[in-house]
file input-v4.pdb (PDB, C-alpha atoms, pLDDT in the B column)
ATOM      1  CA  MET A  10     112.889 114.315 119.611  1.00 65.00           C
ATOM      2  CA  CYS A  11     114.558 110.981 118.847  1.00 78.00           C
ATOM      3  CA  GLU A  12     117.501 112.031 120.977  1.00 79.00           C
ATOM      4  CA  LYS A  13     115.259 111.778 124.052  1.00 80.00           C
ATOM      5  CA  GLU A  14     113.064 108.766 123.240  1.00 79.00           C
ATOM      6  CA  GLY A  15     115.345 106.883 120.843  1.00 79.00           C
ATOM      7  CA  PRO A  16     117.570 105.016 123.302  1.00 82.00           C
ATOM      8  CA  ASN A  17     114.624 103.704 125.321  1.00 83.00           C
ATOM      9  CA  ALA A  18     112.655 102.756 122.217  1.00 85.00           C
ATOM     10  CA  GLY A  19     115.703 101.201 120.589  1.00 85.00           C
ATOM     11  CA  THR A  20     116.159  98.964 123.628  1.00 89.00           C
ATOM     12  CA  HIS A  21     112.509  97.879 123.466  1.00 90.00           C
ATOM     13  CA  PHE A  22     112.730  97.151 119.731  1.00 88.00           C
ATOM     14  CA  GLN A  23     115.872  95.086 120.233  1.00 90.00           C
ATOM     15  CA  ASP A  24     114.377  93.184 123.184  1.00 94.00           C
ATOM     16  CA  ALA A  25     111.210  92.472 121.185  1.00 93.00           C
ATOM     17  CA  SER A  26     113.242  91.249 118.220  1.00 90.00           C
ATOM     18  CA  ILE A  27     115.272  88.910 120.439  1.00 94.00           C
ATOM     19  CA  ALA A  28     112.116  87.571 122.115  1.00 94.00           C
ATOM     20  CA  VAL A  29     110.455  86.944 118.744  1.00 92.00           C
ATOM     21  CA  ASP A  30     113.583  85.204 117.442  1.00 92.00           C
ATOM     22  CA  GLU A  31     113.649  82.969 120.530  1.00 94.00           C
ATOM     23  CA  LEU A  32     109.973  82.155 120.071  1.00 92.00           C
ATOM     24  CA  ASN A  33     110.529  81.331 116.400  1.00 90.00           C
ATOM     25  CA  ALA A  34     113.475  79.082 117.279  1.00 93.00           C
ATOM     26  CA  ALA A  35     111.566  77.085 119.897  1.00 91.00           C
ATOM     27  CA  ASP A  36     109.994  73.757 118.995  1.00 90.00           C
ATOM     28  CA  THR A  37     107.254  74.351 121.545  1.00 92.00           C
ATOM     29  CA  TRP A  38     106.321  77.544 123.359  1.00 93.00           C
ATOM     30  CA  THR A  39     106.190  77.913 127.107  1.00 93.00           C
ATOM     31  CA  GLU A  40     103.767  80.263 128.806  1.00 94.00           C
ATOM     32  CA  GLU A  41     106.801  82.216 130.025  1.00 94.00           C
ATOM     33  CA  GLN A  42     108.094  82.694 126.453  1.00 94.00           C
ATOM     34  CA  LEU A  43     104.695  83.801 125.201  1.00 96.00           C
ATOM     35  CA  THR A  44     104.232  86.254 128.065  1.00 96.00           C
ATOM     36  CA  LYS A  45     107.746  87.678 127.711  1.00 96.00           C
ATOM     37  CA  THR A  46     107.390  88.134 123.958  1.00 96.00           C
ATOM     38  CA  ALA A  47     103.920  89.680 124.241  1.00 97.00           C
ATOM     39  CA  ASN A  48     105.206  92.103 126.882  1.00 97.00           C
ATOM     40  CA  GLU A  49     108.224  93.077 124.773  1.00 96.00           C
ATOM     41  CA  LEU A  50     106.008  93.688 121.727  1.00 96.00           C
ATOM     42  CA  THR A  51     103.600  95.775 123.824  1.00 97.00           C
ATOM     43  CA  ASP A  52     106.489  97.795 125.270  1.00 96.00           C
ATOM     44  CA  SER A  53     107.672  98.500 121.725  1.00 94.00           C
ATOM     45  CA  GLY A  54     104.199  99.709 120.765  1.00 95.00           C
ATOM     46  CA  VAL A  55     104.138 102.037 123.771  1.00 95.00           C
ATOM     47  CA  ALA A  56     107.644 103.323 122.968  1.00 92.00           C
ATOM     48  CA  ILE A  57     106.720 104.229 119.407  1.00 92.00           C
ATOM     49  CA  GLN A  58     103.556 105.967 120.666  1.00 92.00           C
ATOM     50  CA  HIS A  59     105.766 108.206 122.822  1.00 89.00           C
ATOM     51  CA  ILE A  60     107.873 109.062 119.806  1.00 89.00           C
ATOM     52  CA  VAL A  61     104.845 109.761 117.630  1.00 90.00           C
ATOM     53  CA  GLY A  62     103.721 112.152 120.351  1.00 89.00           C
ATOM     54  CA  SER A  63     107.013 114.038 120.115  1.00 86.00           C
ATOM     55  CA  TRP A  64     106.774 114.109 116.314  1.00 86.00           C
ATOM     56  CA  ARG A  65     103.415 115.869 116.574  1.00 85.00           C
ATOM     57  CA  ALA A  66     105.383 118.939 117.715  1.00 82.00           C
ATOM     58  CA  LEU A  67     107.392 119.130 114.472  1.00 76.00           C
ATOM     59  CA  GLU A  68     107.042 122.488 112.751  1.00 73.00           C
ATOM     60  CA  ARG A  69     104.631 122.407 109.834  1.00 70.00           C
ATOM     61  CA  PRO A  70     105.075 125.139 107.258  1.00 65.00           C
ATOM     62  CA  ASP A  71     101.939 126.706 105.853  1.00 61.00           C
ATOM     63  CA  GLY A  72     100.785 125.771 102.380  1.00 57.00           C
ATOM     64  CA  VAL A  73     100.000 122.666 100.440  1.00 54.00           C
ATOM     65  CA  GLY A  74     102.679 120.051  99.839  1.00 56.00           C
ATOM     66  CA  GLY A  75     106.089 119.757 101.353  1.00 62.00           C
ATOM     67  CA  ARG A  76     107.043 119.087 104.928  1.00 72.00           C
ATOM     68  CA  GLY A  77     103.532 119.242 106.434  1.00 77.00           C
ATOM     69  CA  GLU A  78     102.331 116.344 104.302  1.00 83.00           C
ATOM     70  CA  ASP A  79     105.568 114.444 104.973  1.00 85.00           C
ATOM     71  CA  ILE A  80     105.071 114.903 108.710  1.00 86.00           C
ATOM     72  CA  ASP A  81     101.515 113.561 108.386  1.00 88.00           C
ATOM     73  CA  LYS A  82     102.912 110.492 106.600  1.00 91.00           C
ATOM     74  CA  LEU A  83     105.469 110.059 109.383  1.00 91.00           C
ATOM     75  CA  LEU A  84     102.739 110.223 112.048  1.00 93.00           C
ATOM     76  CA  GLN A  85     100.613 107.710 110.139  1.00 95.00           C
ATOM     77  CA  ALA A  86     103.583 105.368 109.743  1.00 95.00           C
ATOM     78  CA  GLY A  87     104.372 105.627 113.457  1.00 94.00           C
ATOM     79  CA  THR A  88     100.780 104.898 114.416  1.00 95.00           C
ATOM     80  CA  ALA A  89     100.668 101.954 112.004  1.00 96.00           C
ATOM     81  CA  ILE A  90     103.758 100.295 113.472  1.00 95.00           C
ATOM     82  CA  SER A  91     102.521 100.886 117.003  1.00 96.00           C
ATOM     83  CA  ASP A  92      99.248  99.164 116.056  1.00 96.00           C
ATOM     84  CA  ALA A  93     101.211  96.333 114.420  1.00 96.00           C
ATOM     85  CA  TYR A  94     103.187  95.795 117.634  1.00 96.00           C
ATOM     86  CA  TYR A  95      99.969  95.662 119.662  1.00 97.00           C
ATOM     87  CA  ASN A  96      98.325  93.231 117.229  1.00 96.00           C
ATOM     88  CA  ALA A  97     101.377  90.965 117.258  1.00 96.00           C
ATOM     89  CA  ALA A  98     101.428  91.115 121.074  1.00 97.00           C
ATOM     90  CA  ASP A  99      97.763  90.082 121.171  1.00 96.00           C
ATOM     91  CA  GLY A 100      98.462  87.120 118.885  1.00 95.00           C
ATOM     92  CA  VAL A 101     101.432  85.990 120.948  1.00 96.00           C
ATOM     93  CA  ALA A 102      99.571  86.428 124.243  1.00 96.00           C
ATOM     94  CA  ALA A 103      96.783  84.229 122.870  1.00 95.00           C
ATOM     95  CA  GLY A 104      99.378  81.629 121.899  1.00 93.00           C
ATOM     96  CA  ALA A 105      98.468  82.002 118.241  1.00 91.00           C
ATOM     97  CA  PRO A 106     100.765  84.500 116.505  1.00 89.00           C
ATOM     98  CA  THR A 107     100.200  84.628 112.774  1.00 89.00           C
ATOM     99  CA  GLU A 108     102.532  85.088 109.850  1.00 89.00           C
ATOM    100  CA  GLU A 109     100.300  87.965 108.780  1.00 93.00           C
ATOM    101  CA  GLN A 110     101.030  89.785 112.059  1.00 92.00           C
ATOM    102  CA  GLY A 111     104.769  89.310 111.530  1.00 89.00           C
ATOM    103  CA  THR A 112     104.539  90.483 107.929  1.00 91.00           C
ATOM    104  CA  LYS A 113     102.574  93.568 109.010  1.00 93.00           C
ATOM    105  CA  LEU A 114     105.292  94.417 111.543  1.00 91.00           C
ATOM    106  CA  VAL A 115     107.984  94.222 108.860  1.00 89.00           C
ATOM    107  CA  GLU A 116     105.945  96.243 106.351  1.00 93.00           C
ATOM    108  CA  THR A 117     105.115  98.989 108.836  1.00 94.00           C
ATOM    109  CA  ALA A 118     108.722  99.101 110.090  1.00 91.00           C
ATOM    110  CA  GLU A 119     109.964  99.558 106.545  1.00 92.00           C
ATOM    111  CA  ASN A 120     107.402 102.285 105.850  1.00 93.00           C
ATOM    112  CA  LEU A 121     108.410 104.125 109.036  1.00 93.00           C
ATOM    113  CA  ALA A 122     112.082 103.893 108.054  1.00 91.00           C
ATOM    114  CA  VAL A 123     111.236 105.378 104.629  1.00 92.00           C
ATOM    115  CA  GLN A 124     109.336 108.277 106.207  1.00 91.00           C
ATOM    116  CA  ILE A 125     112.191 108.965 108.644  1.00 90.00           C
ATOM    117  CA  ARG A 126     114.698 108.940 105.778  1.00 90.00           C
ATOM    118  CA  ASP A 127     112.537 111.167 103.575  1.00 87.00           C
ATOM    119  CA  LEU A 128     112.309 113.796 106.325  1.00 86.00           C
ATOM    120  CA  GLY A 129     116.046 113.615 106.999  1.00 86.00           C
ATOM    121  CA  LEU A 130     115.577 112.727 110.670  1.00 85.00           C
ATOM    122  CA  GLU A 131     119.086 111.347 111.056  1.00 84.00           C
ATOM    123  CA  GLN A 132     118.937 110.816 114.835  1.00 83.00           C
ATOM    124  CA  CYS A 133     115.724 108.829 114.418  1.00 83.00           C
ATOM    125  CA  GLN A 134     117.285 106.838 111.604  1.00 82.00           C
ATOM    126  CA  TYR A 135     120.138 105.931 113.931  1.00 81.00           C
ATOM    127  CA  TRP A 136     117.675 104.220 116.309  1.00 79.00           C
ATOM    128  CA  TYR A 137     115.157 102.795 113.846  1.00 80.00           C
ATOM    129  CA  GLY A 138     117.357 101.971 110.908  1.00 78.00           C
ATOM    130  CA  LYS A 139     117.296 102.660 107.212  1.00 82.00           C
ATOM    131  CA  PRO A 140     114.734 100.985 104.953  1.00 83.00           C
ATOM    132  CA  GLU A 141     117.385  98.577 103.685  1.00 84.00           C
ATOM    133  CA  ASP A 142     118.161  97.562 107.293  1.00 77.00           C
ATOM    134  CA  ILE A 143     114.675  96.114 107.825  1.00 76.00           C
ATOM    135  CA  PRO A 144     114.688  92.327 107.366  1.00 69.00           C
ATOM    136  CA  ALA A 145     112.464  91.049 104.603  1.00 60.00           C
ATOM    137  CA  ALA A 146     109.203  89.412 105.616  1.00 49.00           C
ATOM    138  CA  GLY A 147     109.640  85.739 106.263  1.00 44.00           C
ATOM    139  CA  SER A 148     113.370  85.939 106.986  1.00 44.00           C
TER     140      SER A 148
END
call {"tool": "encode", "arguments": {"input": "input-v4.pdb", "output": "structure tokens"}}
result
Amino acid sequence: MCEKEGPNAGTHFQDASIAVDELNAADTWTEEQLTKTANELTDSGVAIQHIVGSWRALERPDGVGGRGEDIDKLLQAGTAISDAYYNAADGVAAGAPTEEQGTKLVETAENLAVQIRDLGLEQCQYWYGKPEDIPAAGS
């Protein structure tokens, strides 16, 4: 699943991170910077939605507890980060990104990394990182 979507998504995540860093480094924002960053954030949200779709096909053993619940947590974490990307894109596109949107992106990214690690999805972890790889909010 991450073997197929991971490289494309990883590129979008990296491009979004670079665009956000450039925006944060600028004294004033140009319309071009805002548009580019909003587009990169939106592309990242779309990429994670594709991956969440592939995760929906993961085998879920019968019974309470175990892998089925972990897969549900993974799907929720994926949806949450996708939503966070879209919300951040909306803020940037409006020319008014908020610290709260940035913090939400970091928090949801860390939660997704935890869920990926807990399920042992090593190929996904290669593309999305380990929880300790996620930069702290505000850094």
call {"tool": "resolve_selection", "arguments": {"input": "input-v4.pdb", "expression": "the PyMOL selection byres ((chain A and resi 16-32) around 7)", "output": "list in words"}}
result
Glu14, Gly15, Asn33, Ala34, Ala35, Trp38, Gln42, Thr46, Glu49, Leu50, Asp52, Ser53, Ala56, Ile57, Trp136 and Tyr137 of chain A
call {"tool": "write_last_selection", "arguments": {"input": "input-v4.pdb", "atoms": "C-alpha atoms", "output": "PDB file, in the coordinates of the input"}}
result
ATOM      1  CA  GLU A  14     113.064 108.766 123.240  1.00 79.00           C
ATOM      2  CA  GLY A  15     115.345 106.883 120.843  1.00 79.00           C
ATOM      3  CA  ASN A  33     110.529  81.331 116.400  1.00 90.00           C
ATOM      4  CA  ALA A  34     113.475  79.082 117.279  1.00 93.00           C
ATOM      5  CA  ALA A  35     111.566  77.085 119.897  1.00 91.00           C
ATOM      6  CA  TRP A  38     106.321  77.544 123.359  1.00 93.00           C
ATOM      7  CA  GLN A  42     108.094  82.694 126.453  1.00 94.00           C
ATOM      8  CA  THR A  46     107.390  88.134 123.958  1.00 96.00           C
ATOM      9  CA  GLU A  49     108.224  93.077 124.773  1.00 96.00           C
ATOM     10  CA  LEU A  50     106.008  93.688 121.727  1.00 96.00           C
ATOM     11  CA  ASP A  52     106.489  97.795 125.270  1.00 96.00           C
ATOM     12  CA  SER A  53     107.672  98.500 121.725  1.00 94.00           C
ATOM     13  CA  ALA A  56     107.644 103.323 122.968  1.00 92.00           C
ATOM     14  CA  ILE A  57     106.720 104.229 119.407  1.00 92.00           C
ATOM     15  CA  TRP A 136     117.675 104.220 116.309  1.00 79.00           C
ATOM     16  CA  TYR A 137     115.157 102.795 113.846  1.00 80.00           C
TER      17      TYR A 137
END
call {"tool": "atom_distance", "arguments": {"input": "input-v4.pdb", "atom1": "CA of Glu131 in chain A", "atom2": "CA of Tyr94 in chain A"}}
result
23.2 Å
call {"tool": "axis_aligned_box", "arguments": {"input": "input-v4.pdb", "around": "range 76-88 of chain A", "padding_each_side": "8 Å", "output": "AutoDock Vina command-line options"}}
result
--center_x 103.8 --center_y 112.1 --center_z 109.4 --size_x 22.4 --size_y 30.3 --size_z 26.1
call {"tool": "atom_distance", "arguments": {"input": "input-v4.pdb", "atom1": "CA of Thr88 in chain A", "atom2": "CA of Val61 in chain A"}}
result
7.1 Å
call {"tool": "atom_distance", "arguments": {"input": "input-v4.pdb", "atom1": "CA of Ala103 in chain A", "atom2": "CA of Thr117 in chain A"}}
result
22.0 Å
call {"tool": "closest_residue", "arguments": {"input": "input-v4.pdb", "among": "A:Val55, A:Gly77, A:Thr39, A:Lys45", "to": "Leu128 in chain A", "atoms": "all atoms listed in the file"}}
result
A:Gly77
call {"tool": "closest_residue", "arguments": {"input": "input-v4.pdb", "among": "A:Ala102, A:Leu130, A:Cys11, A:Ala47", "to": "Gly62 in chain A", "atoms": "only C-alpha atoms"}}
result
A:Cys11
call {"tool": "closest_residue", "arguments": {"input": "input-v4.pdb", "among": "A:Thr37, A:Gly111, A:Glu116, A:Ala86", "to": "Ala98 in chain A", "atoms": "all atoms listed in the file"}}
result
A:Gly111
call {"tool": "residues_around", "arguments": {"input": "input-v4.pdb", "residues": "Glu68 in chain A", "least_positions_apart": "5", "cutoff": "12 Å", "atoms": "all atoms listed in the file", "output": "PyMOL selection string"}}
result
chain A and resi 63+75-81
call {"tool": "write_last_selection", "arguments": {"input": "input-v4.pdb", "atoms": "C-alpha atoms", "output": "PDB file, keeping the file's coordinate frame"}}
result
ATOM      1  CA  SER A  63     107.013 114.038 120.115  1.00 86.00           C
ATOM      2  CA  GLY A  75     106.089 119.757 101.353  1.00 62.00           C
ATOM      3  CA  ARG A  76     107.043 119.087 104.928  1.00 72.00           C
ATOM      4  CA  GLY A  77     103.532 119.242 106.434  1.00 77.00           C
ATOM      5  CA  GLU A  78     102.331 116.344 104.302  1.00 83.00           C
ATOM      6  CA  ASP A  79     105.568 114.444 104.973  1.00 85.00           C
ATOM      7  CA  ILE A  80     105.071 114.903 108.710  1.00 86.00           C
ATOM      8  CA  ASP A  81     101.515 113.561 108.386  1.00 88.00           C
TER       9      ASP A  81
END
call {"tool": "resolve_selection", "arguments": {"input": "input-v4.pdb", "expression": "the PyMOL selection byres ((chain A and resi 110) around 9)", "output": "list of chain:residue names"}}
result
A:Ala93, A:Tyr94, A:Asn96, A:Ala97, A:Gly100, A:Pro106, A:Thr107, A:Glu108, A:Glu109, A:Gly111, A:Thr112, A:Lys113, A:Leu114, A:Val115
call {"tool": "residues_around", "arguments": {"input": "input-v4.pdb", "residues": "Leu83 in chain A", "least_positions_apart": "6", "cutoff": "10 Å", "atoms": "all atoms listed in the file", "output": "mmCIF file with C-alpha atoms, keeping the file's coordinate frame"}}
result
data_model
loop_
_atom_site.group_PDB
_atom_site.id
_atom_site.type_symbol
_atom_site.label_atom_id
_atom_site.label_comp_id
_atom_site.auth_asym_id
_atom_site.auth_seq_id
_atom_site.Cartn_x
_atom_site.Cartn_y
_atom_site.Cartn_z
ATOM 1 C CA VAL A 61 104.845 109.761 117.630
ATOM 2 C CA TRP A 64 106.774 114.109 116.314
ATOM 3 C CA ARG A 65 103.415 115.869 116.574
ATOM 4 C CA GLY A 77 103.532 119.242 106.434
ATOM 5 C CA ALA A 89 100.668 101.954 112.004
ATOM 6 C CA ASN A 120 107.402 102.285 105.850
ATOM 7 C CA LEU A 121 108.410 104.125 109.036
ATOM 8 C CA ALA A 122 112.082 103.893 108.054
ATOM 9 C CA VAL A 123 111.236 105.378 104.629
ATOM 10 C CA GLN A 124 109.336 108.277 106.207
ATOM 11 C CA ILE A 125 112.191 108.965 108.644
ATOM 12 C CA ARG A 126 114.698 108.940 105.778
ATOM 13 C CA ASP A 127 112.537 111.167 103.575
ATOM 14 C CA LEU A 128 112.309 113.796 106.325
#
call {"tool": "decode", "arguments": {"input": "input-v4.pdb", "residues": "range 52-65 of chain A", "atoms": "all heavy atoms", "output": "short mmCIF file (atom, residue, chain, number, x, y, z; two decimals), in the first residue's frame"}}
result
data_model
loop_
_atom_site.label_atom_id
_atom_site.label_comp_id
_atom_site.auth_asym_id
_atom_site.auth_seq_id
_atom_site.Cartn_x
_atom_site.Cartn_y
_atom_site.Cartn_z
N ASP A 52 -2.22 19.54 -2.16
CA ASP A 52 -1.72 18.31 -2.78
C ASP A 52 -1.34 17.26 -1.74
O ASP A 52 -1.56 16.06 -1.95
CB ASP A 52 -0.51 18.61 -3.67
CG ASP A 52 -0.87 19.37 -4.94
OD1 ASP A 52 -2.08 19.48 -5.27
OD2 ASP A 52 0.06 19.87 -5.60
N SER A 53 -0.80 17.70 -0.61
CA SER A 53 -0.46 16.77 0.46
C SER A 53 -1.72 16.16 1.06
O SER A 53 -1.75 14.96 1.38
CB SER A 53 0.35 17.48 1.54
OG SER A 53 1.61 17.87 1.03
N GLY A 54 -2.75 16.98 1.23
CA GLY A 54 -4.02 16.46 1.74
C GLY A 54 -4.63 15.42 0.81
O GLY A 54 -5.12 14.38 1.26
N VAL A 55 -4.56 15.68 -0.49
CA VAL A 55 -5.06 14.72 -1.48
C VAL A 55 -4.24 13.43 -1.44
O VAL A 55 -4.79 12.33 -1.46
CB VAL A 55 -5.04 15.34 -2.90
CG1 VAL A 55 -5.33 14.29 -3.96
CG2 VAL A 55 -6.03 16.50 -2.99
N ALA A 56 -2.92 13.57 -1.34
CA ALA A 56 -2.04 12.40 -1.31
C ALA A 56 -2.35 11.50 -0.12
O ALA A 56 -2.42 10.27 -0.26
CB ALA A 56 -0.57 12.84 -1.29
N ILE A 57 -2.55 12.09 1.04
CA ILE A 57 -2.84 11.26 2.21
C ILE A 57 -4.22 10.63 2.08
O ILE A 57 -4.43 9.50 2.52
CB ILE A 57 -2.65 12.04 3.54
CG1 ILE A 57 -2.58 11.07 4.73
CG2 ILE A 57 -3.75 13.03 3.78
CD1 ILE A 57 -1.37 10.23 4.79
N GLN A 58 -5.17 11.31 1.42
CA GLN A 58 -6.48 10.70 1.20
C GLN A 58 -6.36 9.43 0.35
O GLN A 58 -7.04 8.44 0.61
CB GLN A 58 -7.43 11.67 0.51
CG GLN A 58 -8.08 12.63 1.46
CD GLN A 58 -9.15 13.45 0.77
OE1 GLN A 58 -9.04 13.80 -0.40
NE2 GLN A 58 -10.20 13.76 1.50
N HIS A 59 -5.49 9.46 -0.65
CA HIS A 59 -5.26 8.28 -1.48
C HIS A 59 -4.71 7.13 -0.63
O HIS A 59 -5.12 5.97 -0.81
CB HIS A 59 -4.29 8.58 -2.62
CG HIS A 59 -4.89 9.40 -3.71
ND1 HIS A 59 -5.75 8.89 -4.65
CD2 HIS A 59 -4.74 10.71 -4.01
CE1 HIS A 59 -6.12 9.84 -5.48
NE2 HIS A 59 -5.52 10.96 -5.12
N ILE A 60 -3.81 7.45 0.26
CA ILE A 60 -3.22 6.42 1.10
C ILE A 60 -4.24 5.86 2.08
O ILE A 60 -4.33 4.65 2.28
CB ILE A 60 -1.98 6.97 1.84
CG1 ILE A 60 -0.90 7.23 0.79
CG2 ILE A 60 -1.50 6.03 2.91
CD1 ILE A 60 0.16 8.17 1.23
N VAL A 61 -5.04 6.74 2.66
CA VAL A 61 -6.09 6.28 3.57
C VAL A 61 -7.03 5.33 2.83
O VAL A 61 -7.45 4.30 3.38
CB VAL A 61 -6.86 7.47 4.19
CG1 VAL A 61 -8.10 7.00 4.93
CG2 VAL A 61 -5.96 8.25 5.15
N GLY A 62 -7.31 5.64 1.57
CA GLY A 62 -8.14 4.74 0.77
C GLY A 62 -7.52 3.36 0.64
O GLY A 62 -8.21 2.34 0.75
N SER A 63 -6.21 3.30 0.45
CA SER A 63 -5.55 1.99 0.34
C SER A 63 -5.52 1.28 1.69
O SER A 63 -5.59 0.05 1.75
CB SER A 63 -4.14 2.13 -0.24
OG SER A 63 -3.26 2.76 0.66
N TRP A 64 -5.43 2.04 2.77
CA TRP A 64 -5.43 1.42 4.10
C TRP A 64 -6.78 0.80 4.43
O TRP A 64 -6.86 -0.14 5.23
CB TRP A 64 -5.06 2.44 5.17
CG TRP A 64 -3.63 2.84 5.17
CD1 TRP A 64 -2.58 2.15 4.64
CD2 TRP A 64 -3.07 4.02 5.73
NE1 TRP A 64 -1.40 2.84 4.83
CE2 TRP A 64 -1.68 4.00 5.50
CE3 TRP A 64 -3.62 5.11 6.40
CZ2 TRP A 64 -0.83 5.01 5.92
CZ3 TRP A 64 -2.78 6.12 6.82
CH2 TRP A 64 -1.39 6.07 6.58
N ARG A 65 -7.84 1.31 3.83
CA ARG A 65 -9.17 0.73 4.10
C ARG A 65 -9.23 -0.74 3.69
O ARG A 65 -10.08 -1.49 4.18
CB ARG A 65 -10.25 1.53 3.39
CG ARG A 65 -10.43 2.92 3.95
CD ARG A 65 -11.65 3.63 3.39
NE ARG A 65 -11.63 5.04 3.69
CZ ARG A 65 -11.78 5.61 4.87
NH1 ARG A 65 -11.97 4.84 5.92
NH2 ARG A 65 -11.73 6.91 5.04
#
